[in-house]
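Novice: query_5.cif (mmCIF, C-alpha atoms) pasted underneath:
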```cif
data_coords
#
loop_
_atom_site.label_atom_id
_atom_site.label_comp_id
_atom_site.auth_asym_id
_atom_site.auth_seq_id
_atom_site.Cartn_x
_atom_site.Cartn_y
_atom_site.Cartn_z
CA MET A 1 82.02 246.12 -28.47
CA LYS A 2 82.80 247.87 -31.71
CA LEU A 3 85.48 250.52 -32.20
CA HIS A 4 85.06 252.98 -35.04
CA TYR A 5 88.57 254.03 -35.99
CA LYS A 6 90.69 255.74 -38.59
CA PRO A 7 94.16 254.26 -39.17
CA GLY A 8 96.77 256.01 -37.06
CA ALA A 9 94.33 258.56 -35.63
CA CYS A 10 93.86 259.05 -31.90
CA SER A 11 91.45 256.11 -31.98
CA LEU A 12 94.58 253.96 -32.14
CA SER A 13 95.01 254.54 -28.40
CA SER A 14 91.62 252.96 -27.67
CA HIS A 15 92.57 250.08 -29.98
CA ILE A 16 95.80 249.61 -28.01
CA VAL A 17 93.97 249.57 -24.68
CA LEU A 18 91.42 247.05 -25.96
CA ASN A 19 94.36 244.82 -26.88
CA GLU A 20 96.10 245.41 -23.55
CA LEU A 21 92.96 244.21 -21.78
CA GLY A 22 92.46 241.23 -24.06
CA LEU A 23 88.85 242.21 -24.71
CA THR A 24 86.71 240.91 -27.54
CA PHE A 25 85.79 243.67 -29.97
CA GLU A 26 85.06 244.49 -33.59
CA LEU A 27 86.82 247.10 -35.67
CA ASP A 28 85.01 249.29 -38.17
CA LYS A 29 87.29 251.45 -40.28
CA THR A 30 85.69 254.85 -40.72
CA ASP A 31 85.99 257.39 -43.50
CA THR A 32 85.39 260.60 -41.57
CA ALA A 33 85.68 262.74 -44.70
CA HIS A 34 82.64 261.04 -46.23
CA GLY A 35 80.91 260.00 -42.99
CA THR A 36 80.79 256.31 -43.85
CA THR A 37 82.08 253.16 -42.20
CA GLN A 38 83.61 250.09 -43.77
CA ALA A 39 80.52 248.16 -42.70
CA GLY A 40 78.41 250.54 -44.78
CA GLU A 41 76.87 252.54 -41.97
CA ASP A 42 76.26 256.28 -41.84
CA PHE A 43 78.83 257.32 -39.26
CA LEU A 44 77.05 260.58 -38.47
CA ARG A 45 74.07 258.55 -37.25
CA ILE A 46 76.40 256.73 -34.89
CA SER A 47 78.40 259.75 -33.78
CA PRO A 48 77.06 263.17 -34.82
CA ASN A 49 80.39 264.84 -34.06
CA GLY A 50 81.78 262.98 -37.08
CA TYR A 51 85.22 262.09 -35.76
CA VAL A 52 86.83 259.03 -34.22
CA PRO A 53 86.99 257.28 -31.91
CA ALA A 54 83.48 256.10 -31.26
CA LEU A 55 82.97 253.01 -29.14
CA VAL A 56 79.73 251.07 -29.23
CA THR A 57 79.45 249.16 -25.95
CA ASP A 58 77.94 245.73 -25.51
CA ASP A 59 74.80 247.50 -24.25
CA GLY A 60 74.55 249.55 -27.43
CA GLU A 61 75.70 252.82 -25.87
CA VAL A 62 77.88 255.03 -28.05
CA LEU A 63 80.82 256.65 -26.31
CA THR A 64 82.87 259.43 -27.89
CA GLU A 65 85.88 261.57 -26.90
CA ASN A 66 89.13 259.73 -26.45
CA PRO A 67 89.80 260.49 -22.74
CA ALA A 68 86.30 259.30 -21.82
CA ILE A 69 86.58 256.09 -23.84
CA LEU A 70 90.01 255.30 -22.42
CA GLN A 71 88.78 255.70 -18.85
CA TYR A 72 85.71 253.60 -19.58
CA LEU A 73 87.88 250.79 -20.92
CA ALA A 74 90.25 250.94 -17.97
CA GLY A 75 87.24 250.73 -15.67
CA LEU A 76 86.27 247.40 -17.19
CA ALA A 77 89.39 245.88 -15.64
CA PRO A 78 90.18 247.87 -12.46
CA ASN A 79 92.99 245.52 -11.49
CA SER A 80 94.85 246.06 -14.75
CA GLU A 81 96.73 249.15 -13.46
CA LEU A 82 95.85 250.97 -16.69
CA ALA A 83 94.28 253.66 -14.51
CA PRO A 84 94.62 254.47 -10.80
CA PRO A 85 91.53 253.96 -8.62
CA PRO A 86 88.80 256.63 -8.82
CA ALA A 87 88.72 259.41 -6.23
CA THR A 88 92.49 259.31 -5.65
CA LEU A 89 95.10 261.96 -6.34
CA ALA A 90 96.78 259.55 -8.74
CA ARG A 91 93.55 259.36 -10.75
CA VAL A 92 93.41 263.16 -10.91
CA ARG A 93 97.00 263.16 -12.17
CA LEU A 94 95.95 260.72 -14.88
CA GLN A 95 93.05 262.96 -15.89
CA GLU A 96 95.43 265.91 -15.88
CA LEU A 97 97.65 264.09 -18.36
CA LEU A 98 94.76 262.97 -20.56
CA ASN A 99 93.52 266.56 -20.75
CA PHE A 100 97.00 267.82 -21.58
CA VAL A 101 97.47 265.31 -24.37
CA SER A 102 93.99 266.03 -25.74
CA SER A 103 93.87 269.81 -25.53
CA GLU A 104 97.55 270.72 -25.93
CA LEU A 105 99.71 268.03 -27.55
CA HIS A 106 97.04 266.62 -29.88
CA LYS A 107 95.84 270.07 -30.84
CA ALA A 108 99.39 271.27 -31.56
CA PHE A 109 99.81 268.57 -34.23
CA GLY A 110 96.49 269.47 -35.86
CA PRO A 111 97.79 271.89 -38.53
CA PHE A 112 100.02 269.18 -39.99
CA PHE A 113 96.96 267.09 -40.84
CA SER A 114 94.52 269.79 -41.93
CA GLY A 115 94.83 268.85 -45.59
CA LYS A 116 96.43 272.21 -46.39
CA GLU A 117 100.11 272.64 -47.15
CA LEU A 118 101.85 274.76 -44.54
CA GLU A 119 103.85 277.75 -45.66
CA PRO A 120 107.48 277.71 -44.44
CA GLU A 121 106.77 280.34 -41.77
CA GLN A 122 103.71 278.43 -40.62
CA ARG A 123 105.67 275.19 -40.38
CA VAL A 124 108.28 276.86 -38.19
CA SER A 125 105.59 278.28 -35.92
CA VAL A 126 103.60 275.04 -35.66
CA SER A 127 106.76 273.00 -35.07
CA ALA A 128 107.69 275.33 -32.22
CA GLN A 129 104.23 274.85 -30.69
CA VAL A 130 104.65 271.08 -30.85
CA GLY A 131 108.12 271.37 -29.36
CA ARG A 132 106.86 273.28 -26.34
CA ARG A 133 104.32 270.52 -25.65
CA VAL A 134 106.87 267.74 -26.17
CA SER A 135 109.15 269.51 -23.69
CA HIS A 136 106.45 268.97 -21.07
CA ILE A 137 106.59 265.22 -21.72
CA GLU A 138 110.39 265.30 -21.62
CA ALA A 139 110.28 267.03 -18.23
CA ARG A 140 107.98 264.35 -16.81
CA LEU A 141 110.39 261.65 -17.93
CA ALA A 142 113.47 263.47 -16.62
CA ASP A 143 113.57 261.49 -13.37
CA GLY A 144 114.08 258.23 -15.25
CA ARG A 145 110.55 256.90 -14.95
CA SER A 146 109.47 254.46 -17.65
CA PHE A 147 105.99 255.91 -18.15
CA LEU A 148 104.19 259.18 -17.56
CA LEU A 149 102.82 258.22 -14.14
CA GLY A 150 105.75 256.08 -13.03
CA GLU A 151 106.60 252.46 -13.71
CA HIS A 152 103.20 251.25 -14.93
CA PHE A 153 101.86 251.71 -18.45
CA THR A 154 98.52 253.52 -18.32
CA ILE A 155 95.89 254.81 -20.71
CA ALA A 156 97.70 258.16 -20.67
CA ASP A 157 100.73 256.47 -22.20
CA ALA A 158 98.59 254.87 -24.91
CA TYR A 159 97.24 258.28 -25.90
CA ALA A 160 100.56 260.13 -25.61
CA PHE A 161 102.33 257.47 -27.68
CA VAL A 162 99.83 257.77 -30.53
CA VAL A 163 100.11 261.56 -30.70
CA LEU A 164 103.90 261.62 -30.36
CA ASN A 165 104.10 258.96 -33.06
CA TRP A 166 102.59 261.51 -35.47
CA SER A 167 105.94 263.28 -35.49
CA GLU A 168 107.18 261.06 -38.33
CA PRO A 169 104.29 261.67 -40.78
CA ALA A 170 104.42 265.35 -39.79
CA GLY A 171 108.07 265.46 -40.86
CA LEU A 172 109.35 266.17 -37.36
CA THR A 173 111.99 264.49 -35.24
CA LEU A 174 112.05 263.84 -31.50
CA LYS A 175 115.87 263.82 -31.30
CA ALA A 176 115.89 267.08 -29.34
CA TRP A 177 113.95 265.22 -26.62
CA PRO A 178 115.91 261.97 -26.12
CA LYS A 179 113.89 260.66 -23.19
CA THR A 180 110.68 261.18 -25.13
CA GLU A 181 112.16 259.56 -28.23
CA ALA A 182 113.18 256.53 -26.16
CA TYR A 183 109.74 256.48 -24.48
CA VAL A 184 107.98 256.32 -27.86
CA ALA A 185 110.31 253.57 -29.07
CA ARG A 186 109.74 251.61 -25.85
CA ILE A 187 105.97 251.76 -26.11
CA ARG A 188 106.05 250.84 -29.80
CA GLU A 189 107.56 247.49 -28.79
CA ARG A 190 104.61 246.49 -26.59
CA PRO A 191 102.77 243.50 -28.10
CA ALA A 192 99.39 245.23 -27.76
CA VAL A 193 100.73 248.26 -29.62
CA ARG A 194 102.29 246.25 -32.42
CA LYS A 195 99.11 244.20 -32.81
CA ALA A 196 96.98 247.34 -33.15
CA MET A 197 99.37 248.96 -35.60
CA VAL A 198 99.42 245.85 -37.78
CA ALA A 199 95.61 245.65 -37.74
CA GLU A 200 95.39 249.30 -38.85
CA GLY A 201 97.95 248.78 -41.63
CA LEU A 202 100.54 251.05 -40.02
CA ILE A 203 103.34 248.47 -39.86
CA PRO A 204 103.90 245.21 -41.76
CA GLN A 205 102.38 241.97 -40.51
CA GLY A 206 105.78 240.49 -39.74
CA VAL A 207 106.47 243.17 -37.11
CA ALA A 208 103.77 241.84 -34.79
CA SER A 209 104.46 239.04 -32.39
#
```
Represent the supplied structure as structure tokens.
Specialist:
Amino acid sequence: MKLHYKPGACSLSSHIVLNELGLTFELDKTDTAHGTTQAGEDFLRISPNGYVPALVTDDGEVLTENPAILQYLAGLAPNSELAPPPATLARVRLQELLNFVSSELHKAFGPFFSGKELEPEQRVSVSAQVGRRVSHIEARLADGRSFLLGEHFTIADAYAFVVLNWSEPAGLTLKAWPKTEAYVARIRERPAVRKAMVAEGLIPQGVAS
């Protein structure tokens, strides 16, 4: 398999899950602004939508859209507990979370990374939008659970971690949501997460173990 990624983008969650599963894969760093990959390919020929992640399977199929890729990867190892079994209420709850992270939390952070400087009033408004979405995560963690669906790390946690981790480059803090802040810190310590972050140049080599 080959994962087309951009350092720190939502493709990091697929990278994390590939590591969690111990699968063999290649990485191809992708410049989405210019539509080229580190391997010298035209990324738009691989994925016409032009954004990461894109996963090329061992059969040569190209998968796009983060929630779909994450569920595909979890399906390669159904006993891994990275996703509940299909056709169960728990699986629907997972899909519910993936959709929330994708359409609400991820989208709320978008203006911070548009390439345009936010005016002070815009920053206040966008920060409030992010806060409302983070409050949803905080509420899920209010009962003391370790992860979004309970006590097992799932693909929803991989995705939520990556998006919540954007708070630092966006100039935001999670201190108003202590359970969420602790959740992000806890996931950051997972070996699969550290390994992916080192590979993408997000943390120094010495941090990985």
Novice: From the options A:Leu118, A:Ala74, A:Glu104, A:Gly150, which residue's atoms come nearest to Asn19 (chain A), counting only C-alpha atoms?
Specialist: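 Ranked by minimum distance to Asn19 (chain A), first place goes to A:Ala74.
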Novice: Show me, as an mmCIF file with C-alpha atoms, in the frame of the given file, the residues that have an atom within 12 Å of Pro48 (chain A) when counting only C-alpha atoms, minus same-chain residues fewer than 6 positions from it.
Specialist:
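Here's the written file result.cif:
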```
data_model
loop_
_atom_site.group_PDB
_atom_site.id
_atom_site.type_symbol
_atom_site.label_atom_id
_atom_site.label_comp_id
_atom_site.auth_asym_id
_atom_site.auth_seq_id
_atom_site.Cartn_x
_atom_site.Cartn_y
_atom_site.Cartn_z
ATOM 1 C CA THR A 32 85.390 260.600 -41.570
ATOM 2 C CA GLY A 35 80.910 260.000 -42.990
ATOM 3 C CA THR A 36 80.790 256.310 -43.850
ATOM 4 C CA ASP A 42 76.260 256.280 -41.840
ATOM 5 C CA ALA A 54 83.480 256.100 -31.260
ATOM 6 C CA VAL A 62 77.880 255.030 -28.050
ATOM 7 C CA LEU A 63 80.820 256.650 -26.310
ATOM 8 C CA THR A 64 82.870 259.430 -27.890
ATOM 9 C CA GLU A 65 85.880 261.570 -26.900
#
```
Novice: Between A:Leu18, A:Ala158, A:Leu149, A:Leu98, which residue has the minimum interatomic distance to Arg186 (chain A), considering all atoms listed in the file?
Specialist: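 Smallest separation from Arg186 (chain A) among the options: A:Ala158.
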Novice: Written as a PDB file with C-alpha atoms, in the frame of the given file, what is the full residue list that the PyMOL selection byres ((chain A and resi 157) around 10) yields on the file shown?
Specialist:
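Output file out12.pdb is given in full below:
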```
ATOM      1  CA  SER A  13      95.010 254.540 -28.400  1.00  0.00           C
ATOM      2  CA  VAL A  17      93.970 249.570 -24.680  1.00  0.00           C
ATOM      3  CA  LEU A  82      95.850 250.970 -16.690  1.00  0.00           C
ATOM      4  CA  LEU A  94      95.950 260.720 -14.880  1.00  0.00           C
ATOM      5  CA  LEU A  97      97.650 264.090 -18.360  1.00  0.00           C
ATOM      6  CA  LEU A  98      94.760 262.970 -20.560  1.00  0.00           C
ATOM      7  CA  VAL A 101      97.470 265.310 -24.370  1.00  0.00           C
ATOM      8  CA  PHE A 147     105.990 255.910 -18.150  1.00  0.00           C
ATOM      9  CA  LEU A 148     104.190 259.180 -17.560  1.00  0.00           C
ATOM     10  CA  LEU A 149     102.820 258.220 -14.140  1.00  0.00           C
ATOM     11  CA  HIS A 152     103.200 251.250 -14.930  1.00  0.00           C
ATOM     12  CA  PHE A 153     101.860 251.710 -18.450  1.00  0.00           C
ATOM     13  CA  THR A 154      98.520 253.520 -18.320  1.00  0.00           C
ATOM     14  CA  ILE A 155      95.890 254.810 -20.710  1.00  0.00           C
ATOM     15  CA  ALA A 156      97.700 258.160 -20.670  1.00  0.00           C
ATOM     16  CA  ALA A 158      98.590 254.870 -24.910  1.00  0.00           C
ATOM     17  CA  TYR A 159      97.240 258.280 -25.900  1.00  0.00           C
ATOM     18  CA  ALA A 160     100.560 260.130 -25.610  1.00  0.00           C
ATOM     19  CA  PHE A 161     102.330 257.470 -27.680  1.00  0.00           C
ATOM     20  CA  VAL A 162      99.830 257.770 -30.530  1.00  0.00           C
ATOM     21  CA  VAL A 163     100.110 261.560 -30.700  1.00  0.00           C
ATOM     22  CA  TYR A 183     109.740 256.480 -24.480  1.00  0.00           C
ATOM     23  CA  VAL A 184     107.980 256.320 -27.860  1.00  0.00           C
ATOM     24  CA  ILE A 187     105.970 251.760 -26.110  1.00  0.00           C
TER      25      ILE A 187
END
```
Novice: Step by step, work through what the PyMOL selection byres ((chain A and resi 22) around 12) selects in the shown file, and finish by giving those residues as a PyMOL selection string.
Specialist: chain A and resi 15-21+23-25+73-74+76-77+80+191-192+195-196
Novice: List, as a PyMOL selection string, every residue that the PyMOL selection byres ((chain A and resi 172) around 12) selects in the file provided.
Specialist: chain A and resi 109+112+123-124+126-128+130-131+134+164-171+173-177+181
Novice: Which residue gives the smallest distance to Thr180 (chain A) among A:Gln205, A:Arg145, A:Gln71, A:Ala199, with only C-alpha atoms counted?
Specialist: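 Selected residue with least distance to Thr180 (chain A): A:Arg145.
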Novice: Grab the CA of Leu12 (chain A) to CA of Met197 (chain A) distance for me, in Å with one decimal place.
Specialist: 7.7 Å
Novice: Identify which of the residues A:Lys6, A:His136, A:Lys116, A:Arg194 lies closest to Thr37 (chain A), counting all atoms listed in the file when measuring atom-to-atom distances.
Specialist: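 Distance minimum relative to Thr37 (chain A) lands on A:Lys6.
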Novice: For Ser11 (chain A), which residue out of A:Arg93, A:Arg133, A:Pro178, A:Glu200 is the nearest one, using all atoms listed in the file?
Specialist: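 Among the listed residues, the smallest separation from Ser11 (chain A) belongs to A:Glu200.
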Novice: Check the smallest atom-to-atom distance from each of A:Lys179, A:His34, A:Lys2, A:Arg45 to Gly144 (chain A) using all atoms listed in the file, then report the winner.
Specialist: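 Once distances to Gly144 (chain A) are computed over all atoms listed in the file, the minimum belongs to A:Lys179.
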Novice: For a test of reading the model, state the distance in Å between CA of Gln38 (chain A) and CA of Tyr5 (chain A), rounded to one decimal.
Specialist: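 Spanning CA of Gln38 (chain A) to CA of Tyr5 (chain A) is a straight-line distance of 10.0 Å.
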Novice: Between CA of His4 (chain A) and CA of Ile137 (chain A), what is the distance, to one decimal in Å?
Specialist: 28.1 Å
Novice: From (92.2, 255.0, -12.3), in the file's coordinates, out to 8 Å: which residues are reached, counting all atoms listed in the file? Answer as a VMD selection string.
Specialist: chain A and resid 71 74 to 75 78 81 to 86 88 90 to 91 94
Novice: First collect every listed atom of region 74-79 of chain A; then fit an axis-aligned box around them, widen it by 3 Å on each side, and give centre and edge lengths in Å to one decimal, as JSON.
Specialist:
```
{"center_x": 89.6, "center_y": 248.2, "center_z": -14.7, "size_x": 12.7, "size_y": 11.4, "size_z": 12.5}
```
